[in-house]
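These notes are about the structure you will find just below.
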Amino acid sequence: MFEYQLKESTRRRSVAIKVTDNGIIVYAPKGLEKKWLHEWLMSKHSWVLAQQQKVQAVPVVQTPWHSQTLLVFGETYACFFGPEYPSKLCHSNRIVHVCVINPDDTQACRAALLSLLRIELESYVMGVLPELAKKMGAQVSQVKFREYKSRWGSCTSKRALAFNTLLIGAKPSYIDYVIIHELAHCHVLAHNPKFWQLVFKHYGEYKDVVKWFKEKGATLFITKEV
């Protein structure tokens with residue numbers, strides 16, 4: 001039997017289980033027979049275990065001002081905040097320096113870090129996008145970089161592209177996939193067979209990357225709980 005925290009209420013009419021990363025909470029009507037509750041929970045044992053596995057599998061987002069680490073191009077970099085550092089990324093030593101007056105001000109740390117990462121991603125994308133666009137015969141009207149909550153890139157009907165700043169944490173080849181994905185939208189806006197055939201033509205292993213972003217893409221996020 002699993003351990004749980006029981007929360008009873010006179011207003012409840014049914015039993016419910018909530019599985020979190022901090023433990024299991026059981027909600028029940030006040031005065032419910034304990035023997036019946038125990039048997040009911042036993043019947044849910046397999047379900048609870050499955051939910052615990054799902055919770056444990058959820059990727060943890062980054063908090064670089066606490067962990068002093070950050071993902072850059074798929075590698076773990078040391079990350080430091082303070083007024084003594086000029087903001088820059090040193091790829092040879094895998095170090096990120098973020099200039100902030102007060103390193104305890106996490107909002108300022110996050111804003112300064114995102115600004116630095118946007119510049120770095122823009123430098124990478126604009127270094128490879130023109131050649132990819134030429135190869136794919138895609139005419140791009142505009143390219144922007146911003147932080148998205150749930151997407152890695154976008155393409156409008158006017159062929160304006162936008163990329164998620166947090167892509168900087170992914171492997172360069174994965175960033176290339178996102179670029180190719182959005183360039184394909186310059187020809188086909190919908191995610192239909194014609195679109196995926198075009199993606200496959202220019203990135204044959206795209207399914208593996210799509211799977212990675214679905215399962216582990218959240219590891220690139222930087223917490224907003226500051």
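If you're wondering about the labels, chains in the structure tokens are A, B, ... by order shown, residues count from 1 in each chain, ligands from 1 in order shown.
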Once you count only C-alpha atoms, what closest atom pair and distance in Å to one decimal does each residue of region 51-81 of chain A within 9 Å of region 163-184 of chain A have, with rows by chain and rising residue number, as a tab-separated table?
residue	atom	partner	partner_atom	distance
A:Leu70	CA	A:Gly169	CA	7.7
A:Leu71	CA	A:Gly169	CA	4.6
A:Val72	CA	A:Gly169	CA	4.1
A:Phe73	CA	A:Lys171	CA	4.5
A:Gly74	CA	A:Lys171	CA	4.3
A:Glu75	CA	A:Gly169	CA	7.6
A:Thr76	CA	A:Gly169	CA	8.8
For this session: Within 8 Å of Ala112 (chain A), counting only C-alpha atoms, which residues show up once you throw out same-chain ones fewer than 4 positions away? Write them as a ChimeraX atom specification, please.
Result: /A:98-100,108,116
For this session: From the DSSP assignment of the backbone, select every residue of region 81-123 of chain A that is strand (DSSP E or B), and format the answer as a PyMOL selection string.
Result: chain A and resi 81-82+88-90+95-99
Run DSSP on the backbone and grab whatever in region 39-135 of chain A lands in helix (DSSP H, G or I); send it over as a short mmCIF file (atom, residue, chain, number, x, y, z; two decimals) with N, CA, C and O atoms, in the first residue's frame.
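Okay, this is what ended up in states_29.cif:
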data_model
loop_
_atom_site.label_atom_id
_atom_site.label_comp_id
_atom_site.auth_asym_id
_atom_site.auth_seq_id
_atom_site.Cartn_x
_atom_site.Cartn_y
_atom_site.Cartn_z
N GLU A 39 -9.77 -0.50 1.09
CA GLU A 39 -10.00 -1.45 -0.02
C GLU A 39 -10.09 -0.71 -1.36
O GLU A 39 -9.59 -1.20 -2.38
N TRP A 40 -10.71 0.45 -1.35
CA TRP A 40 -10.84 1.23 -2.59
C TRP A 40 -9.47 1.70 -3.07
O TRP A 40 -9.15 1.62 -4.26
N LEU A 41 -8.65 2.16 -2.13
CA LEU A 41 -7.31 2.62 -2.49
C LEU A 41 -6.46 1.46 -2.99
O LEU A 41 -5.65 1.63 -3.91
N MET A 42 -6.62 0.28 -2.40
CA MET A 42 -5.88 -0.90 -2.86
C MET A 42 -6.23 -1.21 -4.31
O MET A 42 -5.38 -1.61 -5.11
N SER A 43 -7.50 -1.01 -4.68
CA SER A 43 -7.92 -1.29 -6.04
C SER A 43 -7.33 -0.29 -7.03
O SER A 43 -7.29 -0.55 -8.24
N HIS A 45 -4.18 0.86 -6.75
CA HIS A 45 -2.72 0.79 -6.57
C HIS A 45 -1.96 0.89 -7.89
O HIS A 45 -1.00 1.66 -8.02
N SER A 46 -2.37 0.12 -8.89
CA SER A 46 -1.68 0.12 -10.19
C SER A 46 -1.79 1.49 -10.86
O SER A 46 -0.82 1.99 -11.45
N TRP A 47 -2.97 2.09 -10.76
CA TRP A 47 -3.17 3.42 -11.35
C TRP A 47 -2.27 4.45 -10.68
O TRP A 47 -1.66 5.29 -11.36
N VAL A 48 -2.17 4.40 -9.36
CA VAL A 48 -1.32 5.34 -8.62
C VAL A 48 0.14 5.18 -9.03
O VAL A 48 0.84 6.17 -9.26
N LEU A 49 0.62 3.96 -9.16
CA LEU A 49 2.00 3.73 -9.58
C LEU A 49 2.26 4.30 -10.97
O LEU A 49 3.31 4.90 -11.22
N ALA A 50 1.30 4.12 -11.86
CA ALA A 50 1.45 4.64 -13.22
C ALA A 50 1.50 6.17 -13.20
O ALA A 50 2.30 6.78 -13.93
N GLN A 51 0.68 6.79 -12.36
CA GLN A 51 0.68 8.25 -12.27
C GLN A 51 1.99 8.76 -11.67
O GLN A 51 2.52 9.80 -12.08
N GLN A 52 2.53 8.03 -10.70
CA GLN A 52 3.81 8.42 -10.10
C GLN A 52 4.92 8.38 -11.14
O GLN A 52 5.80 9.25 -11.15
N GLN A 53 4.90 7.38 -12.00
CA GLN A 53 5.91 7.28 -13.05
C GLN A 53 5.80 8.44 -14.02
O GLN A 53 6.81 8.98 -14.47
N LYS A 54 4.57 8.85 -14.33
CA LYS A 54 4.37 9.98 -15.23
C LYS A 54 4.89 11.27 -14.61
O LYS A 54 5.54 12.08 -15.27
N VAL A 55 4.60 11.47 -13.32
CA VAL A 55 5.05 12.67 -12.63
C VAL A 55 6.58 12.73 -12.60
O VAL A 55 7.19 13.77 -12.83
N GLN A 56 7.20 11.59 -12.32
CA GLN A 56 8.66 11.53 -12.25
C GLN A 56 9.30 11.75 -13.61
O GLN A 56 10.45 12.19 -13.70
N ALA A 57 8.55 11.42 -14.68
CA ALA A 57 9.10 11.56 -16.04
C ALA A 57 9.01 12.98 -16.58
O ALA A 57 9.60 13.29 -17.60
N PRO A 64 18.71 28.63 -13.66
CA PRO A 64 20.17 28.86 -13.69
C PRO A 64 20.70 29.75 -12.58
O PRO A 64 21.87 29.61 -12.20
N TRP A 65 19.88 30.67 -12.02
CA TRP A 65 20.38 31.52 -10.93
C TRP A 65 20.53 30.74 -9.64
O TRP A 65 21.18 31.19 -8.72
N HIS A 66 19.92 29.54 -9.57
CA HIS A 66 20.10 28.66 -8.41
C HIS A 66 21.09 27.52 -8.71
O HIS A 66 21.99 27.25 -7.93
N SER A 67 20.90 26.89 -9.86
CA SER A 67 21.74 25.74 -10.22
C SER A 67 23.11 26.13 -10.73
O SER A 67 24.05 25.34 -10.71
N THR A 106 16.06 37.83 -9.06
CA THR A 106 15.89 36.79 -10.07
C THR A 106 15.14 37.28 -11.31
O THR A 106 15.35 36.75 -12.41
N GLN A 107 14.26 38.24 -11.15
CA GLN A 107 13.58 38.80 -12.32
C GLN A 107 14.57 39.48 -13.24
O GLN A 107 14.51 39.33 -14.46
N ALA A 108 15.50 40.25 -12.66
CA ALA A 108 16.53 40.92 -13.45
C ALA A 108 17.46 39.89 -14.07
O ALA A 108 17.89 40.04 -15.23
N CYS A 109 17.79 38.84 -13.32
CA CYS A 109 18.65 37.77 -13.84
C CYS A 109 18.02 37.12 -15.06
O CYS A 109 18.68 36.89 -16.07
N ARG A 110 16.73 36.81 -14.95
CA ARG A 110 16.04 36.14 -16.05
C ARG A 110 15.97 37.04 -17.28
O ARG A 110 16.21 36.59 -18.40
N ALA A 111 15.64 38.31 -17.07
CA ALA A 111 15.51 39.24 -18.20
C ALA A 111 16.85 39.42 -18.91
O ALA A 111 16.92 39.40 -20.14
N ALA A 112 17.93 39.58 -18.13
CA ALA A 112 19.25 39.77 -18.72
C ALA A 112 19.71 38.51 -19.45
O ALA A 112 20.32 38.57 -20.52
N LEU A 113 19.42 37.34 -18.87
CA LEU A 113 19.80 36.08 -19.49
C LEU A 113 19.06 35.88 -20.80
O LEU A 113 19.66 35.51 -21.81
N LEU A 114 17.74 36.12 -20.81
CA LEU A 114 16.95 35.95 -22.04
C LEU A 114 17.43 36.88 -23.14
O LEU A 114 17.45 36.51 -24.33
N SER A 115 17.84 38.08 -22.77
CA SER A 115 18.35 39.03 -23.76
C SER A 115 19.63 38.49 -24.39
O SER A 115 19.82 38.56 -25.61
N LEU A 116 20.50 37.94 -23.57
CA LEU A 116 21.76 37.37 -24.07
C LEU A 116 21.50 36.16 -24.96
O LEU A 116 22.10 36.01 -26.02
N LEU A 117 20.59 35.31 -24.54
CA LEU A 117 20.29 34.09 -25.31
C LEU A 117 19.62 34.43 -26.64
O LEU A 117 19.85 33.73 -27.64
N ARG A 118 18.79 35.47 -26.65
CA ARG A 118 18.15 35.88 -27.91
C ARG A 118 19.20 36.29 -28.93
O ARG A 118 19.13 35.90 -30.11
N ILE A 119 20.19 37.05 -28.49
CA ILE A 119 21.27 37.48 -29.38
C ILE A 119 22.04 36.28 -29.91
O ILE A 119 22.38 36.21 -31.10
N GLU A 120 22.30 35.32 -29.02
CA GLU A 120 23.06 34.13 -29.41
C GLU A 120 22.29 33.28 -30.41
O GLU A 120 22.84 32.80 -31.40
N LEU A 121 20.99 33.10 -30.16
CA LEU A 121 20.18 32.30 -31.09
C LEU A 121 20.07 33.01 -32.43
O LEU A 121 20.15 32.37 -33.48
N GLU A 122 19.87 34.31 -32.41
CA GLU A 122 19.77 35.06 -33.66
C GLU A 122 21.03 34.91 -34.49
O GLU A 122 20.97 34.73 -35.71
N SER A 123 22.17 34.95 -33.82
CA SER A 123 23.44 34.80 -34.52
C SER A 123 23.52 33.43 -35.21
O SER A 123 23.94 33.32 -36.36
N TYR A 124 23.08 32.39 -34.49
CA TYR A 124 23.14 31.05 -35.07
C TYR A 124 22.15 30.90 -36.22
O TYR A 124 22.51 30.44 -37.32
N VAL A 125 20.90 31.26 -35.96
CA VAL A 125 19.85 31.06 -36.97
C VAL A 125 20.16 31.84 -38.25
O VAL A 125 20.05 31.31 -39.36
N MET A 126 20.54 33.10 -38.10
CA MET A 126 20.80 33.91 -39.28
C MET A 126 22.06 33.47 -40.01
O MET A 126 22.30 33.87 -41.16
N GLY A 127 22.85 32.63 -39.35
CA GLY A 127 24.03 32.09 -40.02
C GLY A 127 23.72 30.91 -40.92
O GLY A 127 24.47 30.63 -41.86
N VAL A 128 22.62 30.20 -40.63
CA VAL A 128 22.28 29.01 -41.43
C VAL A 128 20.99 29.18 -42.22
O VAL A 128 20.78 28.47 -43.22
N LEU A 129 20.12 30.09 -41.80
CA LEU A 129 18.81 30.22 -42.46
C LEU A 129 18.90 30.61 -43.93
O LEU A 129 18.18 30.03 -44.76
N PRO A 130 19.73 31.59 -44.33
CA PRO A 130 19.75 31.98 -45.75
C PRO A 130 20.05 30.81 -46.69
O PRO A 130 19.39 30.67 -47.73
N GLU A 131 21.00 29.97 -46.31
CA GLU A 131 21.35 28.84 -47.17
C GLU A 131 20.23 27.80 -47.21
O GLU A 131 19.91 27.25 -48.27
N LEU A 132 19.62 27.55 -46.06
CA LEU A 132 18.50 26.61 -46.01
C LEU A 132 17.31 27.13 -46.81
O LEU A 132 16.65 26.38 -47.52
N ALA A 133 17.04 28.43 -46.68
CA ALA A 133 15.93 29.03 -47.41
C ALA A 133 16.18 28.93 -48.91
O ALA A 133 15.25 28.63 -49.69
N LYS A 134 17.40 29.16 -49.34
CA LYS A 134 17.75 29.07 -50.76
C LYS A 134 17.58 27.64 -51.26
O LYS A 134 17.02 27.40 -52.34
N LYS A 135 18.02 26.69 -50.45
CA LYS A 135 17.92 25.28 -50.81
C LYS A 135 16.48 24.83 -50.92
O LYS A 135 16.13 24.02 -51.79
#
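Distance annotation: of A:Leu189, A:Leu32, A:Val60, A:Ala162, the residue with the minimal separation from Val143 (chain A) is A:Ala162; atom set is only C-alpha atoms.
Between CA of Phe221 (chain A) and CA of Val61 (chain A) lies a distance of 5.2 Å.
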Problem set entry | Residues near His38 (chain A), cut-off 12 Å, only C-alpha atoms, skip fewer than 6 positions along chain, as a ChimeraX atom specification | /A:1-4,6,15,26,28,32,44-45
Residues at most 12 Å from Arg12 (chain A), counting only C-alpha atoms, excluding those fewer than 4 positions away in the same chain, as a compact mmCIF listing (two decimals) with N, CA and C atoms, in the first residue's frame?
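Output contents, as saved in part.txt:
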# COMPACT_ATOMS: atom_id res chain seq x y z
N LYS A 7 -7.23 14.00 3.26
CA LYS A 7 -7.92 15.26 3.52
C LYS A 7 -9.42 15.00 3.46
N GLU A 8 -10.08 15.14 4.61
CA GLU A 8 -11.51 14.88 4.71
C GLU A 8 -12.30 16.18 4.73
N ALA A 16 -11.35 10.98 -4.16
CA ALA A 16 -10.47 11.31 -5.29
C ALA A 16 -9.02 11.20 -4.85
N VAL A 26 -5.25 12.08 -0.81
CA VAL A 26 -6.55 11.43 -0.98
C VAL A 26 -7.62 12.34 -0.37
N TYR A 27 -8.61 12.67 -1.17
CA TYR A 27 -9.73 13.50 -0.72
C TYR A 27 -10.94 12.60 -0.49
N ALA A 28 -11.56 12.72 0.68
CA ALA A 28 -12.68 11.83 1.00
C ALA A 28 -13.73 12.57 1.85
N PRO A 29 -14.98 12.10 1.78
CA PRO A 29 -16.02 12.67 2.65
C PRO A 29 -15.69 12.39 4.11
N LYS A 30 -15.92 13.32 4.97
CA LYS A 30 -15.64 13.13 6.40
C LYS A 30 -16.52 12.03 6.97
N GLY A 31 -15.90 11.12 7.74
CA GLY A 31 -16.64 10.04 8.36
C GLY A 31 -16.74 8.78 7.51
N LEU A 32 -16.07 8.79 6.34
CA LEU A 32 -16.12 7.61 5.46
C LEU A 32 -15.48 6.42 6.17
Problem set entry | Atomic separation - CA of Gly137 (chain A) relative to CA of His202 (chain A), Å | 11.6 Å
